[in-house]
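*Asks:* Here you go, query.txt (compact mmCIF, N, CA and C atoms):
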# COMPACT_ATOMS: atom_id res chain seq x y z
N MET F 1 -133.17 -113.39 200.12
CA MET F 1 -133.34 -111.96 200.01
C MET F 1 -132.37 -111.24 200.92
N LYS F 2 -132.17 -111.76 202.14
CA LYS F 2 -131.24 -111.15 203.07
C LYS F 2 -129.81 -111.18 202.51
N ASN F 3 -129.45 -112.30 201.93
CA ASN F 3 -128.10 -112.43 201.37
C ASN F 3 -127.92 -111.52 200.16
N ALA F 4 -128.96 -111.32 199.39
CA ALA F 4 -128.86 -110.46 198.21
C ALA F 4 -128.59 -109.02 198.65
N LEU F 5 -129.23 -108.58 199.73
CA LEU F 5 -128.98 -107.23 200.24
C LEU F 5 -127.55 -107.09 200.77
N LYS F 6 -127.07 -108.13 201.46
CA LYS F 6 -125.71 -108.09 202.00
C LYS F 6 -124.69 -108.04 200.87
N ILE F 7 -124.90 -108.87 199.85
CA ILE F 7 -123.96 -108.92 198.73
C ILE F 7 -124.02 -107.60 197.94
N GLY F 8 -125.21 -107.07 197.76
CA GLY F 8 -125.35 -105.79 197.06
C GLY F 8 -124.66 -104.66 197.81
N PHE F 9 -124.85 -104.62 199.12
CA PHE F 9 -124.19 -103.58 199.92
C PHE F 9 -122.67 -103.74 199.88
N LEU F 10 -122.20 -104.98 199.95
CA LEU F 10 -120.76 -105.23 199.88
C LEU F 10 -120.20 -104.79 198.52
N ALA F 11 -120.92 -105.11 197.45
CA ALA F 11 -120.47 -104.71 196.12
C ALA F 11 -120.44 -103.18 195.99
N LEU F 12 -121.46 -102.53 196.54
CA LEU F 12 -121.49 -101.07 196.51
C LEU F 12 -120.35 -100.47 197.31
N ALA F 13 -120.06 -101.03 198.48
CA ALA F 13 -118.97 -100.53 199.32
C ALA F 13 -117.62 -100.73 198.63
N LEU F 14 -117.42 -101.87 198.00
CA LEU F 14 -116.16 -102.12 197.29
C LEU F 14 -116.03 -101.18 196.08
N GLY F 15 -117.12 -100.91 195.41
CA GLY F 15 -117.08 -99.98 194.27
C GLY F 15 -116.72 -98.58 194.70
N VAL F 16 -117.29 -98.12 195.79
CA VAL F 16 -116.96 -96.78 196.31
C VAL F 16 -115.51 -96.74 196.76
N PHE F 17 -115.06 -97.80 197.41
CA PHE F 17 -113.67 -97.85 197.86
C PHE F 17 -112.71 -97.82 196.68
N ALA F 18 -113.00 -98.59 195.65
CA ALA F 18 -112.12 -98.65 194.48
C ALA F 18 -112.11 -97.30 193.76
N ALA F 19 -113.25 -96.64 193.71
CA ALA F 19 -113.30 -95.34 193.03
C ALA F 19 -112.56 -94.26 193.81
N SER F 20 -112.61 -94.34 195.13
CA SER F 20 -111.95 -93.32 195.93
C SER F 20 -110.44 -93.52 196.00
N CYS F 21 -109.98 -94.72 195.78
CA CYS F 21 -108.53 -94.98 195.81
C CYS F 21 -107.84 -94.40 194.59
N GLY F 22 -108.49 -94.37 193.47
CA GLY F 22 -107.86 -93.85 192.26
C GLY F 22 -106.87 -94.82 191.66
N ASN F 23 -106.94 -96.08 192.03
CA ASN F 23 -106.08 -97.14 191.50
C ASN F 23 -104.60 -96.86 191.76
N GLY F 24 -104.28 -96.10 192.75
CA GLY F 24 -102.89 -95.86 193.12
C GLY F 24 -102.16 -94.90 192.20
N SER F 25 -102.84 -94.32 191.24
CA SER F 25 -102.17 -93.39 190.34
C SER F 25 -102.32 -91.98 190.89
N SER F 26 -101.33 -91.18 190.61
CA SER F 26 -101.40 -89.78 191.04
C SER F 26 -101.22 -88.90 189.82
N THR F 27 -101.85 -87.75 189.84
CA THR F 27 -101.72 -86.83 188.72
C THR F 27 -100.44 -86.02 188.90
N PRO F 28 -99.66 -85.89 187.85
CA PRO F 28 -98.42 -85.12 187.96
C PRO F 28 -98.71 -83.63 188.14
N ALA F 29 -97.82 -82.97 188.80
CA ALA F 29 -97.96 -81.52 189.00
C ALA F 29 -97.79 -80.81 187.66
N GLU F 30 -98.47 -79.69 187.50
CA GLU F 30 -98.38 -78.94 186.26
C GLU F 30 -97.01 -78.28 186.14
N ASP F 31 -96.51 -78.23 184.94
CA ASP F 31 -95.23 -77.59 184.67
C ASP F 31 -95.49 -76.12 184.36
N THR F 32 -95.26 -75.27 185.34
CA THR F 32 -95.55 -73.85 185.15
C THR F 32 -94.40 -73.12 184.48
N THR F 33 -93.23 -73.73 184.39
CA THR F 33 -92.11 -73.05 183.75
C THR F 33 -92.34 -72.89 182.26
N ALA F 34 -92.99 -73.87 181.63
CA ALA F 34 -93.27 -73.76 180.19
C ALA F 34 -94.27 -72.65 179.93
N ALA F 35 -95.27 -72.54 180.79
CA ALA F 35 -96.26 -71.48 180.62
C ALA F 35 -95.62 -70.11 180.83
N ALA F 36 -94.75 -70.00 181.81
CA ALA F 36 -94.08 -68.73 182.07
C ALA F 36 -93.17 -68.34 180.91
N ALA F 37 -92.49 -69.32 180.33
CA ALA F 37 -91.62 -69.05 179.19
C ALA F 37 -92.43 -68.59 177.98
N THR F 38 -93.60 -69.18 177.79
CA THR F 38 -94.46 -68.78 176.68
C THR F 38 -94.97 -67.36 176.88
N ILE F 39 -95.34 -67.03 178.10
CA ILE F 39 -95.81 -65.67 178.39
C ILE F 39 -94.69 -64.66 178.19
N ASP F 40 -93.47 -65.00 178.64
CA ASP F 40 -92.34 -64.10 178.45
C ASP F 40 -92.03 -63.91 176.97
N SER F 41 -92.13 -64.99 176.20
CA SER F 41 -91.89 -64.90 174.77
C SER F 41 -92.93 -64.02 174.09
N ALA F 42 -94.18 -64.16 174.52
CA ALA F 42 -95.25 -63.33 173.94
C ALA F 42 -95.03 -61.87 174.30
N ALA F 43 -94.60 -61.60 175.52
CA ALA F 43 -94.34 -60.22 175.93
C ALA F 43 -93.20 -59.62 175.11
N ALA F 44 -92.17 -60.41 174.85
CA ALA F 44 -91.05 -59.93 174.03
C ALA F 44 -91.51 -59.64 172.61
N THR F 45 -92.39 -60.46 172.08
CA THR F 45 -92.91 -60.24 170.73
C THR F 45 -93.73 -58.96 170.67
N VAL F 46 -94.55 -58.73 171.68
CA VAL F 46 -95.34 -57.51 171.73
C VAL F 46 -94.43 -56.28 171.83
N ASP F 47 -93.39 -56.37 172.66
CA ASP F 47 -92.45 -55.25 172.78
C ASP F 47 -91.75 -54.99 171.46
N SER F 48 -91.38 -56.06 170.76
CA SER F 48 -90.72 -55.91 169.47
C SER F 48 -91.65 -55.26 168.46
N ALA F 49 -92.90 -55.66 168.46
CA ALA F 49 -93.87 -55.07 167.54
C ALA F 49 -94.09 -53.60 167.87
N ALA F 50 -94.12 -53.27 169.15
CA ALA F 50 -94.32 -51.88 169.55
C ALA F 50 -93.15 -51.02 169.10
N SER F 51 -91.93 -51.53 169.20
CA SER F 51 -90.78 -50.75 168.76
C SER F 51 -90.78 -50.60 167.24
N THR F 52 -91.27 -51.60 166.52
CA THR F 52 -91.37 -51.49 165.06
C THR F 52 -92.39 -50.43 164.68
N VAL F 53 -93.50 -50.40 165.37
CA VAL F 53 -94.51 -49.38 165.10
C VAL F 53 -93.97 -47.99 165.43
N ASP F 54 -93.25 -47.88 166.52
CA ASP F 54 -92.67 -46.59 166.88
C ASP F 54 -91.67 -46.11 165.83
N SER F 55 -90.85 -47.02 165.32
CA SER F 55 -89.87 -46.62 164.30
C SER F 55 -90.58 -46.25 163.00
N ALA F 56 -91.66 -46.95 162.68
CA ALA F 56 -92.42 -46.60 161.47
C ALA F 56 -93.08 -45.24 161.64
N ALA F 57 -93.56 -44.94 162.83
CA ALA F 57 -94.15 -43.62 163.08
C ALA F 57 -93.10 -42.54 162.96
N ALA F 58 -91.88 -42.82 163.39
CA ALA F 58 -90.81 -41.84 163.27
C ALA F 58 -90.48 -41.57 161.80
N VAL F 59 -90.51 -42.60 160.97
CA VAL F 59 -90.25 -42.43 159.54
C VAL F 59 -91.35 -41.59 158.91
N VAL F 60 -92.59 -41.86 159.29
CA VAL F 60 -93.71 -41.08 158.75
C VAL F 60 -93.61 -39.63 159.19
N ASP F 61 -93.24 -39.40 160.45
CA ASP F 61 -93.09 -38.03 160.93
C ASP F 61 -91.97 -37.30 160.19
N SER F 62 -90.86 -37.98 159.93
CA SER F 62 -89.76 -37.33 159.22
C SER F 62 -90.15 -37.05 157.77
N ALA F 63 -90.92 -37.94 157.16
CA ALA F 63 -91.37 -37.71 155.78
C ALA F 63 -92.33 -36.54 155.74
N LYS F 64 -93.17 -36.43 156.75
CA LYS F 64 -94.10 -35.31 156.82
C LYS F 64 -93.34 -34.00 156.99
N ALA F 65 -92.27 -34.03 157.79
CA ALA F 65 -91.46 -32.83 157.98
C ALA F 65 -90.80 -32.40 156.68
N VAL F 66 -90.37 -33.37 155.89
CA VAL F 66 -89.75 -33.05 154.59
C VAL F 66 -90.78 -32.44 153.65
N VAL F 67 -91.97 -33.01 153.63
CA VAL F 67 -93.02 -32.46 152.77
C VAL F 67 -93.42 -31.06 153.22
N ASP F 68 -93.52 -30.85 154.52
CA ASP F 68 -93.88 -29.53 155.03
C ASP F 68 -92.79 -28.50 154.70
N SER F 69 -91.52 -28.91 154.74
CA SER F 69 -90.44 -27.96 154.46
C SER F 69 -90.40 -27.59 152.98
N THR F 70 -90.84 -28.48 152.11
CA THR F 70 -90.81 -28.17 150.68
C THR F 70 -91.98 -27.28 150.27
N LYS F 71 -93.04 -27.26 151.07
CA LYS F 71 -94.20 -26.42 150.76
C LYS F 71 -93.90 -24.94 151.00
N LYS F 72 -93.00 -24.61 151.85
CA LYS F 72 -92.73 -23.21 152.22
C LYS F 72 -91.97 -22.49 151.20
Kindly transcribe the structure held in the file into structure tokens.

*Replies:*
Amino acid sequence: MKNALKIGFLALALGVFAASCGNGSSTPAEDTTAAAATIDSAAATVDSAASTVDSAAAVVDSAKAVVDSTKK
């Protein structure tokens, strides 16, 4: 019984040690440049869409001005 407790404790200690070591592997650092490039690309797309909407609004305003001028 005494030996079973010693062996059990040793097995538990080795298991904790092996789990805490992580088997010598390390996690690579995250590549933040790809995320930043994606965010910049999304911002450029939003800016492009905003300018398209603005130009469409300008066309609508000019068409409205033409219609208003013909009513007079």

*Asks:* What does the structure give for the distance between atom N of Ser69 of chain F and atom N of Ala50 of chain F, in Å to one decimal?

*Replies:*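 Separation of atom N of Ser69 of chain F and atom N of Ala50 of chain F: 28.4 Å.
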
*Asks:* Using DSSP on the backbone coordinates, identify the residues of segment 2-67 of chain F assigned to alpha helix (DSSP H); present them as a VMD selection string.

*Replies:* chain F and resid 2 to 21 32 to 67

*Asks:* For a test of reading the model, state the distance in Å between atom CA of Ala35 of chain F and atom CA of Val53 of chain F, rounded to one decimal.

*Replies:* 27.1 Å

*Asks:* Between atom CA of Thr38 of chain F and atom CA of Ala57 of chain F, what is the distance in Å, rounded to a tenth?

*Replies:* 28.6 Å
